[in-house]
>>> print(open('data.pdb').read())   # PDB, C-alpha atoms and all ligand atoms
ATOM      1  CA  MET A   7      -7.032  13.188  14.988  1.00  0.00           C
ATOM      2  CA  GLU A   8      -6.931   9.713  16.491  1.00  0.00           C
ATOM      3  CA  VAL A   9      -5.410   8.246  13.324  1.00  0.00           C
ATOM      4  CA  HIS A  10      -2.873  11.098  13.094  1.00  0.00           C
ATOM      5  CA  GLN A  11      -1.864  10.562  16.721  1.00  0.00           C
ATOM      6  CA  GLY A  12      -1.666   6.805  16.303  1.00  0.00           C
ATOM      7  CA  PHE A  13       0.671   7.088  13.331  1.00  0.00           C
ATOM      8  CA  HIS A  14       2.704   9.866  14.921  1.00  0.00           C
ATOM      9  CA  ALA A  15       3.335   7.592  17.903  1.00  0.00           C
ATOM     10  CA  ILE A  16       5.021   4.992  15.676  1.00  0.00           C
ATOM     11  CA  ALA A  17       7.932   7.042  14.345  1.00  0.00           C
ATOM     12  CA  GLY A  18       7.108  10.755  14.534  1.00  0.00           C
ATOM     13  CA  VAL A  19       5.589  11.291  11.087  1.00  0.00           C
ATOM     14  CA  LEU A  20       2.855  13.933  11.307  1.00  0.00           C
ATOM     15  CA  ARG A  21      -0.560  14.140   9.615  1.00  0.00           C
ATOM     16  CA  VAL A  22      -0.636  10.533   8.334  1.00  0.00           C
ATOM     17  CA  ILE A  23      -4.148   9.302   7.575  1.00  0.00           C
ATOM     18  CA  GLY A  24      -3.273   5.959   5.992  1.00  0.00           C
ATOM     19  CA  LEU A  25      -0.640   3.650   4.560  1.00  0.00           C
ATOM     20  CA  VAL A  26      -1.230   2.538   0.983  1.00  0.00           C
ATOM     21  CA  ASP A  27       0.221  -0.623  -0.538  1.00  0.00           C
ATOM     22  CA  GLY A  28      -0.421  -3.062  -3.331  1.00  0.00           C
ATOM     23  CA  THR A  29      -0.400  -6.792  -2.768  1.00  0.00           C
ATOM     24  CA  LEU A  30      -0.762  -9.716  -5.138  1.00  0.00           C
ATOM     25  CA  ILE A  31      -3.476 -12.238  -4.283  1.00  0.00           C
ATOM     26  CA  PRO A  32      -2.705 -15.453  -6.181  1.00  0.00           C
ATOM     27  CA  ILE A  33      -5.540 -17.032  -8.160  1.00  0.00           C
ATOM     28  CA  ALA A  34      -5.697 -20.293 -10.070  1.00  0.00           C
ATOM     29  CA  ASN A  35      -4.385 -20.144 -13.616  1.00  0.00           C
ATOM     30  CA  THR A  36      -6.772 -21.767 -16.062  1.00  0.00           C
ATOM     31  CA  SER A  37      -6.607 -21.894 -19.822  1.00  0.00           C
ATOM     32  CA  ALA A  38      -9.489 -19.395 -19.943  1.00  0.00           C
ATOM     33  CA  LEU A  39      -7.687 -16.824 -17.812  1.00  0.00           C
ATOM     34  CA  ASP A  40      -6.679 -13.578 -19.499  1.00  0.00           C
ATOM     35  CA  GLN A  41      -2.896 -13.204 -19.604  1.00  0.00           C
ATOM     36  CA  ALA A  42      -3.248  -9.755 -18.009  1.00  0.00           C
ATOM     37  CA  PHE A  43      -3.628 -11.645 -14.718  1.00  0.00           C
ATOM     38  CA  ILE A  44      -0.055 -12.947 -14.919  1.00  0.00           C
ATOM     39  CA  CYS A  45       1.881 -10.665 -12.572  1.00  0.00           C
ATOM     40  CA  ARG A  46       5.480  -9.517 -12.911  1.00  0.00           C
ATOM     41  CA  LYS A  47       6.577 -12.467 -10.786  1.00  0.00           C
ATOM     42  CA  GLY A  48       5.079 -14.898 -13.278  1.00  0.00           C
ATOM     43  CA  PHE A  49       2.011 -16.218 -11.460  1.00  0.00           C
ATOM     44  CA  ALA A  50      -1.713 -15.536 -11.886  1.00  0.00           C
ATOM     45  CA  ALA A  51      -2.959 -12.931  -9.425  1.00  0.00           C
ATOM     46  CA  ILE A  52      -5.181  -9.983  -8.633  1.00  0.00           C
ATOM     47  CA  ASN A  53      -3.438  -6.720  -7.747  1.00  0.00           C
ATOM     48  CA  VAL A  54      -5.163  -5.498  -4.591  1.00  0.00           C
ATOM     49  CA  GLN A  55      -4.655  -2.008  -3.205  1.00  0.00           C
ATOM     50  CA  VAL A  56      -5.160  -1.534   0.510  1.00  0.00           C
ATOM     51  CA  VAL A  57      -5.055   1.458   2.834  1.00  0.00           C
ATOM     52  CA  VAL A  58      -4.628   0.741   6.552  1.00  0.00           C
ATOM     53  CA  ASP A  59      -5.156   2.929   9.599  1.00  0.00           C
ATOM     54  CA  HIS A  60      -2.919   3.205  12.665  1.00  0.00           C
ATOM     55  CA  ARG A  61      -4.348  -0.022  14.087  1.00  0.00           C
ATOM     56  CA  GLY A  62      -3.756  -1.998  10.921  1.00  0.00           C
ATOM     57  CA  ARG A  63      -7.397  -2.062   9.847  1.00  0.00           C
ATOM     58  CA  PHE A  64      -8.282  -1.795   6.188  1.00  0.00           C
ATOM     59  CA  THR A  65      -9.969   1.554   5.569  1.00  0.00           C
ATOM     60  CA  ASP A  66     -10.001   1.093   1.798  1.00  0.00           C
ATOM     61  CA  VAL A  67      -9.666  -1.949  -0.461  1.00  0.00           C
ATOM     62  CA  VAL A  68      -9.593  -1.960  -4.255  1.00  0.00           C
ATOM     63  CA  ALA A  69      -9.867  -5.486  -5.645  1.00  0.00           C
ATOM     64  CA  LYS A  70     -10.649  -5.279  -9.345  1.00  0.00           C
ATOM     65  CA  TRP A  71      -7.389  -5.121 -11.290  1.00  0.00           C
ATOM     66  CA  PRO A  72      -5.492  -8.027 -12.840  1.00  0.00           C
ATOM     67  CA  GLY A  73      -2.033  -8.945 -11.548  1.00  0.00           C
ATOM     68  CA  SER A  74      -0.043  -7.191 -14.249  1.00  0.00           C
ATOM     69  CA  THR A  75      -1.429  -3.748 -13.297  1.00  0.00           C
ATOM     70  CA  HIS A  76       0.998  -1.171 -11.837  1.00  0.00           C
ATOM     71  CA  ASP A  77       0.332  -0.018  -8.265  1.00  0.00           C
ATOM     72  CA  SER A  78       0.483   3.623  -9.387  1.00  0.00           C
ATOM     73  CA  PHE A  79      -2.237   2.960 -11.981  1.00  0.00           C
ATOM     74  CA  VAL A  80      -4.521   1.339  -9.387  1.00  0.00           C
ATOM     75  CA  TRP A  81      -3.979   4.327  -7.080  1.00  0.00           C
ATOM     76  CA  ALA A  82      -4.682   6.893  -9.813  1.00  0.00           C
ATOM     77  CA  ASN A  83      -7.935   5.145 -10.681  1.00  0.00           C
ATOM     78  CA  SER A  84      -9.092   4.513  -7.115  1.00  0.00           C
ATOM     79  CA  ALA A  85     -11.616   6.580  -5.165  1.00  0.00           C
ATOM     80  CA  ALA A  86      -8.992   7.206  -2.456  1.00  0.00           C
ATOM     81  CA  GLY A  87      -6.461   8.469  -5.010  1.00  0.00           C
ATOM     82  CA  GLN A  88      -9.001  10.656  -6.763  1.00  0.00           C
ATOM     83  CA  ASP A  89     -10.412  12.023  -3.511  1.00  0.00           C
ATOM     84  CA  ALA A  90      -6.874  12.846  -2.383  1.00  0.00           C
ATOM     85  CA  GLU A  91      -6.241  14.644  -5.683  1.00  0.00           C
ATOM     86  CA  ARG A  92      -9.405  16.712  -5.085  1.00  0.00           C
ATOM     87  CA  GLY A  93      -8.213  17.709  -1.616  1.00  0.00           C
ATOM     88  CA  VAL A  94     -10.850  15.715   0.257  1.00  0.00           C
ATOM     89  CA  PHE A  95      -8.358  14.739   2.986  1.00  0.00           C
ATOM     90  CA  GLY A  96      -7.218  18.294   3.708  1.00  0.00           C
ATOM     91  CA  GLN A  97      -3.748  18.385   5.224  1.00  0.00           C
ATOM     92  CA  SER A  98      -3.645  14.621   5.767  1.00  0.00           C
ATOM     93  CA  ILE A  99      -1.108  12.501   3.952  1.00  0.00           C
ATOM     94  CA  PHE A 100      -0.746   8.910   2.824  1.00  0.00           C
ATOM     95  CA  LEU A 101       2.533   7.036   2.908  1.00  0.00           C
ATOM     96  CA  GLY A 102       3.475   4.661   0.110  1.00  0.00           C
ATOM     97  CA  ASP A 103       6.551   2.933  -1.273  1.00  0.00           C
ATOM     98  CA  SER A 104       8.480   4.160  -4.296  1.00  0.00           C
ATOM     99  CA  GLY A 105       5.974   2.502  -6.632  1.00  0.00           C
ATOM    100  CA  TYR A 106       3.631   5.401  -5.825  1.00  0.00           C
ATOM    101  CA  PRO A 107       4.002   8.930  -7.162  1.00  0.00           C
ATOM    102  CA  LEU A 108       5.194  11.698  -4.847  1.00  0.00           C
ATOM    103  CA  ARG A 109       2.359  14.160  -4.189  1.00  0.00           C
ATOM    104  CA  ILE A 110       1.484  16.757  -1.553  1.00  0.00           C
ATOM    105  CA  TYR A 111      -0.878  14.145  -0.063  1.00  0.00           C
ATOM    106  CA  LEU A 112       1.203  11.015  -0.790  1.00  0.00           C
ATOM    107  CA  LEU A 113       4.770  10.715   0.394  1.00  0.00           C
ATOM    108  CA  ASN A 114       7.225   8.052  -0.699  1.00  0.00           C
ATOM    109  CA  PRO A 115      10.846   7.588   0.441  1.00  0.00           C
ATOM    110  CA  VAL A 116      13.738   9.769  -0.771  1.00  0.00           C
ATOM    111  CA  THR A 117      15.401   7.695  -3.508  1.00  0.00           C
ATOM    112  CA  ASN A 118      19.031   8.700  -2.964  1.00  0.00           C
ATOM    113  CA  PRO A 119      19.267  10.315   0.471  1.00  0.00           C
ATOM    114  CA  THR A 120      22.335  12.483   0.961  1.00  0.00           C
ATOM    115  CA  MET A 121      21.455  14.450   4.095  1.00  0.00           C
ATOM    116  CA  GLN A 122      21.120  13.051   7.600  1.00  0.00           C
ATOM    117  CA  ALA A 123      17.578  14.439   7.844  1.00  0.00           C
ATOM    118  CA  GLU A 124      16.625  12.566   4.658  1.00  0.00           C
ATOM    119  CA  ASN A 125      18.010   9.360   6.151  1.00  0.00           C
ATOM    120  CA  SER A 126      16.049   9.909   9.343  1.00  0.00           C
ATOM    121  CA  TYR A 127      12.923  10.595   7.316  1.00  0.00           C
ATOM    122  CA  ASN A 128      13.401   7.398   5.281  1.00  0.00           C
ATOM    123  CA  ILE A 129      13.850   5.354   8.461  1.00  0.00           C
ATOM    124  CA  ALA A 130      10.702   6.859  10.031  1.00  0.00           C
ATOM    125  CA  HIS A 131       8.817   6.316   6.763  1.00  0.00           C
ATOM    126  CA  ALA A 132       9.860   2.650   6.643  1.00  0.00           C
ATOM    127  CA  ARG A 133       9.067   2.066  10.331  1.00  0.00           C
ATOM    128  CA  THR A 134       5.595   3.561   9.879  1.00  0.00           C
ATOM    129  CA  ARG A 135       4.930   1.754   6.617  1.00  0.00           C
ATOM    130  CA  ASN A 136       5.957  -1.542   8.181  1.00  0.00           C
ATOM    131  CA  LEU A 137       2.448  -1.651   9.667  1.00  0.00           C
ATOM    132  CA  VAL A 138       0.766  -2.100   6.293  1.00  0.00           C
ATOM    133  CA  GLU A 139       3.084  -4.988   5.438  1.00  0.00           C
ATOM    134  CA  ARG A 140       2.438  -6.650   8.817  1.00  0.00           C
ATOM    135  CA  SER A 141      -1.306  -6.127   8.373  1.00  0.00           C
ATOM    136  CA  ILE A 142      -1.276  -7.766   4.958  1.00  0.00           C
ATOM    137  CA  GLY A 143       0.756 -10.627   6.434  1.00  0.00           C
ATOM    138  CA  ARG A 144      -1.751 -11.128   9.262  1.00  0.00           C
ATOM    139  CA  TRP A 145      -4.708 -10.962   6.895  1.00  0.00           C
ATOM    140  CA  LYS A 146      -3.179 -13.660   4.666  1.00  0.00           C
ATOM    141  CA  MET A 147      -2.379 -15.689   7.773  1.00  0.00           C
ATOM    142  CA  ARG A 148      -5.971 -15.486   9.021  1.00  0.00           C
ATOM    143  CA  PHE A 149      -7.267 -16.397   5.591  1.00  0.00           C
ATOM    144  CA  ARG A 150      -4.682 -18.799   4.224  1.00  0.00           C
ATOM    145  CA  CYS A 151      -6.602 -19.133   0.951  1.00  0.00           C
ATOM    146  CA  LEU A 152      -5.197 -15.670   0.105  1.00  0.00           C
ATOM    147  CA  HIS A 153      -1.611 -16.759   0.624  1.00  0.00           C
ATOM    148  CA  LYS A 154       0.619 -17.972  -2.160  1.00  0.00           C
ATOM    149  CA  SER A 155       1.244 -21.241  -0.319  1.00  0.00           C
ATOM    150  CA  ALA A 156      -2.446 -22.163  -0.852  1.00  0.00           C
ATOM    151  CA  GLY A 157      -1.858 -22.306  -4.609  1.00  0.00           C
ATOM    152  CA  GLY A 158      -4.237 -19.518  -5.587  1.00  0.00           C
ATOM    153  CA  LEU A 159      -7.956 -18.999  -5.076  1.00  0.00           C
ATOM    154  CA  ARG A 160      -9.806 -21.489  -7.271  1.00  0.00           C
ATOM    155  CA  LEU A 161     -12.676 -19.220  -8.245  1.00  0.00           C
ATOM    156  CA  LYS A 162     -13.468 -16.982 -11.166  1.00  0.00           C
ATOM    157  CA  PRO A 163     -11.562 -13.669 -10.899  1.00  0.00           C
ATOM    158  CA  GLN A 164     -14.720 -11.734 -10.001  1.00  0.00           C
ATOM    159  CA  ARG A 165     -15.514 -14.138  -7.165  1.00  0.00           C
ATOM    160  CA  CYS A 166     -11.896 -13.845  -5.986  1.00  0.00           C
ATOM    161  CA  CYS A 167     -12.341 -10.074  -5.704  1.00  0.00           C
ATOM    162  CA  ALA A 168     -15.426 -10.593  -3.514  1.00  0.00           C
ATOM    163  CA  VAL A 169     -13.457 -12.996  -1.273  1.00  0.00           C
ATOM    164  CA  VAL A 170     -10.698 -10.404  -0.955  1.00  0.00           C
ATOM    165  CA  VAL A 171     -13.093  -7.662   0.153  1.00  0.00           C
ATOM    166  CA  VAL A 172     -15.077  -9.824   2.581  1.00  0.00           C
ATOM    167  CA  THR A 173     -11.982 -11.310   4.234  1.00  0.00           C
ATOM    168  CA  ALA A 174     -10.621  -7.760   4.649  1.00  0.00           C
ATOM    169  CA  MET A 175     -13.853  -6.803   6.439  1.00  0.00           C
ATOM    170  CA  LEU A 176     -13.600  -9.875   8.678  1.00  0.00           C
ATOM    171  CA  HIS A 177      -9.958  -9.005   9.406  1.00  0.00           C
ATOM    172  CA  ASN A 178     -11.088  -5.567  10.574  1.00  0.00           C
ATOM    173  CA  ILE A 179     -13.683  -7.090  12.879  1.00  0.00           C
ATOM    174  CA  ALA A 180     -10.993  -9.374  14.315  1.00  0.00           C
ATOM    175  CA  VAL A 181      -8.602  -6.450  14.916  1.00  0.00           C
ATOM    176  CA  THR A 182     -11.295  -4.227  16.440  1.00  0.00           C
ATOM    177  CA  GLY A 183     -12.444  -7.050  18.693  1.00  0.00           C
ATOM    178  CA  GLY A 184      -8.884  -7.723  19.812  1.00  0.00           C
ATOM    179  CA  ALA A 185      -8.775 -11.275  18.476  1.00  0.00           C
ATOM    180  CA  THR A 186      -5.576 -13.203  19.067  1.00  0.00           C
ATOM    181  CA  LEU A 187      -3.121 -12.577  16.269  1.00  0.00           C
ATOM    182  CA  PRO A 188      -2.034 -15.547  14.246  1.00  0.00           C
ATOM    183  CA  ASP A 189       1.690 -15.913  13.658  1.00  0.00           C
ATOM    184  CA  GLU A 190       2.749 -13.846  10.727  1.00  0.00           C
ATOM    185  CA  VAL A 191       3.599 -15.495   7.461  1.00  0.00           C
ATOM    186  CA  GLU A 192       6.725 -14.641   5.569  1.00  0.00           C
ATOM    187  CA  GLU A 193       5.850 -11.877   3.171  1.00  0.00           C
ATOM    188  CA  GLU A 194       8.991 -11.744   1.123  1.00  0.00           C
ATOM    189  CA  GLU A 195       6.909 -10.642  -1.840  1.00  0.00           C
ATOM    190  CA  GLU A 196       5.797  -7.543   0.068  1.00  0.00           C
ATOM    191  CA  GLU A 197       9.329  -6.342   0.570  1.00  0.00           C
ATOM    192  CA  GLU A 198      10.130  -6.128  -3.088  1.00  0.00           C
ATOM    193  CA  GLU A 199       9.149  -2.634  -4.050  1.00  0.00           C
ATOM    194  CA  GLU A 200       8.366  -1.403  -7.472  1.00  0.00           C
ATOM    195  CA  ASP A 201      11.120   0.698  -8.908  1.00  0.00           C
ATOM    196  CA  ALA A 202       9.866   4.207  -9.466  1.00  0.00           C
ATOM    197  CA  SER A 203      12.363   4.832 -12.257  1.00  0.00           C
ATOM    198  CA  HIS A 204      10.789   2.052 -14.327  1.00  0.00           C
ATOM    199  CA  ASN A 205       7.321   3.371 -13.797  1.00  0.00           C
ATOM    200  CA  PRO A 206       5.881   4.929 -16.941  1.00  0.00           C
ATOM    201  CA  LEU A 207       3.159   6.707 -14.977  1.00  0.00           C
ATOM    202  CA  GLN A 208       5.493   9.011 -13.090  1.00  0.00           C
ATOM    203  CA  PRO A 209       6.276  12.082 -15.114  1.00  0.00           C
ATOM    204  CA  ARG A 210       8.273  14.691 -13.217  1.00  0.00           C
ATOM    205  CA  ASP A 211       5.552  17.315 -13.467  1.00  0.00           C
ATOM    206  CA  ASP A 212       4.169  20.150 -11.308  1.00  0.00           C
ATOM    207  CA  LEU A 213       2.309  17.706  -9.071  1.00  0.00           C
ATOM    208  CA  HIS A 214       5.577  15.916  -8.417  1.00  0.00           C
ATOM    209  CA  ALA A 215       7.384  19.202  -7.744  1.00  0.00           C
ATOM    210  CA  ALA A 216       4.722  20.198  -5.203  1.00  0.00           C
ATOM    211  CA  GLY A 217       5.136  16.790  -3.558  1.00  0.00           C
ATOM    212  CA  VAL A 218       8.909  17.307  -3.307  1.00  0.00           C
ATOM    213  CA  HIS A 219       8.232  20.626  -1.576  1.00  0.00           C
ATOM    214  CA  THR A 220       5.854  19.060   0.965  1.00  0.00           C
ATOM    215  CA  ARG A 221       8.219  16.174   1.637  1.00  0.00           C
ATOM    216  CA  ASN A 222      11.140  18.575   2.168  1.00  0.00           C
ATOM    217  CA  GLN A 223       9.083  20.614   4.616  1.00  0.00           C
ATOM    218  CA  ILE A 224       8.345  17.499   6.642  1.00  0.00           C
ATOM    219  CA  ILE A 225      11.959  16.344   6.433  1.00  0.00           C
ATOM    220  CA  HIS A 226      13.297  19.667   7.701  1.00  0.00           C
ATOM    221  CA  PHE A 227      10.557  20.306  10.225  1.00  0.00           C
ATOM    222  CA  ALA A 228      10.537  16.913  11.886  1.00  0.00           C
ATOM    223  CA  PHE A 229      13.878  15.274  11.114  1.00  0.00           C
ATOM    224  CA  ASP A 230      16.533  18.009  10.965  1.00  0.00           C
TER     225      ASP A 230
HETATM  226  C1  LIG B   1      -1.459 -20.335 -17.503  1.00  0.00           C
HETATM  227  O1  LIG B   1      -2.205 -21.260 -18.240  1.00  0.00           O
HETATM  228  C2  LIG B   1      -2.034 -21.154 -19.636  1.00  0.00           C
HETATM  229  C3  LIG B   1      -2.997 -22.092 -20.328  1.00  0.00           C
HETATM  230  O2  LIG B   1      -3.298 -23.211 -19.542  1.00  0.00           O
HETATM  231  C4  LIG B   1      -0.575 -21.454 -19.988  1.00  0.00           C
HETATM  232  O3  LIG B   1      -0.376 -21.296 -21.364  1.00  0.00           O
HETATM  233  C5  LIG B   1       0.317 -20.483 -19.237  1.00  0.00           C
HETATM  234  O4  LIG B   1       1.669 -20.809 -19.453  1.00  0.00           O
HETATM  235  C6  LIG B   1       0.033 -20.513 -17.742  1.00  0.00           C
HETATM  236  N1  LIG B   1       0.790 -19.487 -17.101  1.00  0.00           N
HETATM  237  C7  LIG B   1       1.377 -19.627 -15.921  1.00  0.00           C
HETATM  238  C8  LIG B   1       2.150 -18.454 -15.421  1.00  0.00           C
HETATM  239  O5  LIG B   1       1.315 -20.637 -15.279  1.00  0.00           O
END
>>> encode(input="data.pdb", output="structure tokens", more="lines below")
Ligand SMILES: *[C@@H]1O[C@H](CO)[C@@H](O)[C@H](O)[C@H]1NC(C)=O
Amino acid sequence: MEVHQGFHAIAGVLRVIGLVDGTLIPIANTSALDQAFICRKGFAAINVQVVVDHRGRFTDVVAKWPGSTHDSFVWANSAAGQDAERGVFGQSIFLGDSGYPLRIYLLNPVTNPTMQAENSYNIAHARTRNLVERSIGRWKMRFRCLHKSAGGLRLKPQRCCAVVVVTAMLHNIAVTGGATLPDEVEEEEEEEEEDASHNPLQPRDDLHAAGVHTRNQIIHFAFD
């Protein structure tokens, strides 16, 4: 209830339990590194999936996939994604960018909005989702070793994943304790969303159709 209310207060989207996003954590490229770590932007990285709550704390972190992995694949293979598919979160929904599939429990933006209500929904979706991008920015600011400007974590990939998880936990402690926020770093990489139309893992199936229905209900209930 507290998380729902906290998210609702941002931009009026109801029943949100978390914001999901993928972020690339740069790691050092060595000759021994598997090429699967080279991300779509051409550098060596780990693809980390995070879910944040209404206060910008990480409630779920998946740090085990190489940089070339699609966000939708990480989601589908994560405990959060599989729990959501099994209905564990009830009526609660996650918000994600267009790199994530549309589901009854996971709403992404309307790709080509034509109605005013769809526009309003997209704006509210973006304003709410902004929190996950800011949270990632603050996390990388607190722990500069995670930021691209540090040149990549110089550890074995498995150790990098441990650093990712532990720094996320420390970030949560800092947020809960009300620690002073560092200035945010530019996260231009976070703004570039994956294009859903190029995503091989997004068949337009029954699950998608049910997601369209849920999204339309929310659009017409809250934004018409
Ligand atoms: C990573 O390192 C390998 C071997 O040292 C090299 O062939 C490759 O071009 C490098 N890739 C990037 C993106 O720097």
>>> residues_near_ligand(input="data.pdb", ligand="ligand LIG 1 (chain B)", cutoff="7 Å", atoms="all atoms listed in the file", output="JSON, numbers by chain")
{"A": [35, 36, 37, 44, 48, 49, 50]}
>>> closest_residue(input="data.pdb", among="A:Leu20, A:Ala215, A:Val94, A:Val170", to="A:Lys70", atoms="all atoms listed in the file")
A:Val170
>>> closest_residue(input="data.pdb", among="A:Arg221, A:Arg46, A:His131, A:Arg140", to="A:Gly73", atoms="only C-alpha atoms")
A:Arg46
>>> residues_around(input="data.pdb", residues="stretch 125-130 of chain A", least_positions_apart="4", cutoff="8 Å", atoms="only C-alpha atoms", output="JSON, numbers by chain")
{"A": [17, 18, 19, 115, 116, 119, 120, 121, 134, 225, 229]}
>>> resolve_selection(input="data.pdb", expression="the PyMOL selection byres (((chain A and resi 143-154) around 12) and not hetatm)", output="number ranges by chain")
A: 29-34, 47, 49-52, 54, 56, 58, 62-64, 136-142, 155-161, 166-181, 185-197
>>> residues_near_point(input="data.pdb", point="(0.6, 6.9, 12.4)", cutoff="9 Å", atoms="all atoms listed in the file", output="list in words")
Val9, His10, Gln11, Gly12, Phe13, His14, Ala15, Ile16, Ala17, Gly18, Val19, Leu20, Arg21, Val22, Ile23, Gly24, Leu25, Asp59, His60, Arg61, Thr134 and Arg135 of chain A
>>> closest_residue(input="data.pdb", among="A:Ala132, A:Val57, A:Leu213, A:Val80", to="A:Ser104", atoms="all atoms listed in the file")
A:Ala132
>>> atom_distance(input="data.pdb", atom1="atom CA of A:Gly217", atom2="atom CA of A:Leu112")
7.5 Å
>>> atom_distance(input="data.pdb", atom1="atom CA of A:Thr75", atom2="atom CA of A:Asp27")
13.2 Å
>>> resolve_selection(input="data.pdb", expression="the PyMOL selection byres (((chain A and resi 42) around 7) and not hetatm)", output="JSON, numbers by chain")
{"A": [40, 41, 43, 44, 72, 73, 74]}
>>> write_last_selection(input="data.pdb", atoms="C-alpha atoms", output="PDB file, keeping the file's coordinate frame")
ATOM      1  CA  ASP A  40      -6.679 -13.578 -19.499  1.00  0.00           C
ATOM      2  CA  GLN A  41      -2.896 -13.204 -19.604  1.00  0.00           C
ATOM      3  CA  PHE A  43      -3.628 -11.645 -14.718  1.00  0.00           C
ATOM      4  CA  ILE A  44      -0.055 -12.947 -14.919  1.00  0.00           C
ATOM      5  CA  PRO A  72      -5.492  -8.027 -12.840  1.00  0.00           C
ATOM      6  CA  GLY A  73      -2.033  -8.945 -11.548  1.00  0.00           C
ATOM      7  CA  SER A  74      -0.043  -7.191 -14.249  1.00  0.00           C
TER       8      SER A  74
END
>>> closest_residue(input="data.pdb", among="A:Val26, A:Ala38, A:Ala86, A:Met7", to="A:Asn114", atoms="all atoms listed in the file")
A:Val26
>>> atom_distance(input="data.pdb", atom1="atom CA of A:Val67", atom2="atom CA of A:Pro163")
15.8 Å
>>> closest_residue(input="data.pdb", among="A:Asp103, A:Thr182, A:Ser98, A:Gln164", to="A:Thr220", atoms="all atoms listed in the file")
A:Ser98
>>> closest_residue(input="data.pdb", among="A:His226, A:His76, A:His219, A:Arg109", to="A:Asn53", atoms="all atoms listed in the file")
A:His76
>>> residues_around(input="data.pdb", residues="A:Ala85", least_positions_apart="4", cutoff="10 Å", atoms="all atoms listed in the file", output="list in words")
Asp66, Val67, Val68, Val80, Trp81, Asp89, Ala90 and Glu91 of chain A
>>> build_atoms(input="data.pdb", residues="stretch 106-111 of chain A", atoms="all heavy atoms", output="CSV table (one decimal), in the frame of the given file")
chain,number,residue,atom,x,y,z
A,106,TYR,N,4.7,4.4,-5.8
A,106,TYR,CA,3.6,5.4,-5.8
A,106,TYR,C,4.2,6.8,-6.1
A,106,TYR,O,5.4,7.0,-5.7
A,106,TYR,CB,2.9,5.5,-4.5
A,106,TYR,CG,2.1,4.2,-4.3
A,106,TYR,CD1,2.6,3.1,-3.6
A,106,TYR,CD2,0.8,4.1,-4.8
A,106,TYR,CE1,1.9,2.0,-3.4
A,106,TYR,CE2,0.1,2.9,-4.6
A,106,TYR,CZ,0.6,1.9,-3.9
A,106,TYR,OH,-0.1,0.7,-3.8
A,107,PRO,N,3.5,7.6,-6.8
A,107,PRO,CA,4.0,8.9,-7.2
A,107,PRO,C,4.1,9.8,-5.9
A,107,PRO,O,3.3,9.7,-5.0
A,107,PRO,CB,3.0,9.5,-8.2
A,107,PRO,CG,1.7,8.8,-7.8
A,107,PRO,CD,2.1,7.4,-7.3
A,108,LEU,N,5.1,10.7,-5.9
A,108,LEU,CA,5.2,11.7,-4.8
A,108,LEU,C,4.2,12.8,-5.1
A,108,LEU,O,4.2,13.4,-6.2
A,108,LEU,CB,6.6,12.2,-4.8
A,108,LEU,CG,7.0,13.3,-3.8
A,108,LEU,CD1,6.7,12.8,-2.4
A,108,LEU,CD2,8.4,13.7,-3.9
A,109,ARG,N,3.4,13.1,-4.1
A,109,ARG,CA,2.4,14.2,-4.2
A,109,ARG,C,2.3,14.9,-2.9
A,109,ARG,O,2.8,14.4,-1.9
A,109,ARG,CB,1.0,13.6,-4.5
A,109,ARG,CG,0.9,12.9,-5.8
A,109,ARG,CD,0.9,13.9,-7.0
A,109,ARG,NE,0.7,13.2,-8.3
A,109,ARG,CZ,1.7,12.9,-9.1
A,109,ARG,NH1,2.9,13.2,-8.8
A,109,ARG,NH2,1.5,12.4,-10.3
A,110,ILE,N,1.6,16.0,-2.8
A,110,ILE,CA,1.5,16.8,-1.6
A,110,ILE,C,0.7,15.9,-0.5
A,110,ILE,O,0.9,16.1,0.7
A,110,ILE,CB,0.8,18.1,-1.7
A,110,ILE,CG1,-0.6,18.0,-2.4
A,110,ILE,CG2,1.7,19.1,-2.5
A,110,ILE,CD1,-1.4,19.3,-2.4
A,111,TYR,N,-0.1,15.0,-1.0
A,111,TYR,CA,-0.9,14.1,-0.1
A,111,TYR,C,-0.4,12.7,0.0
A,111,TYR,O,-1.0,11.8,0.6
A,111,TYR,CB,-2.3,14.2,-0.5
A,111,TYR,CG,-2.5,13.9,-2.0
A,111,TYR,CD1,-2.4,12.6,-2.4
A,111,TYR,CD2,-2.6,14.9,-2.9
A,111,TYR,CE1,-2.5,12.3,-3.8
A,111,TYR,CE2,-2.7,14.6,-4.3
A,111,TYR,CZ,-2.6,13.3,-4.7
A,111,TYR,OH,-2.7,13.0,-6.0
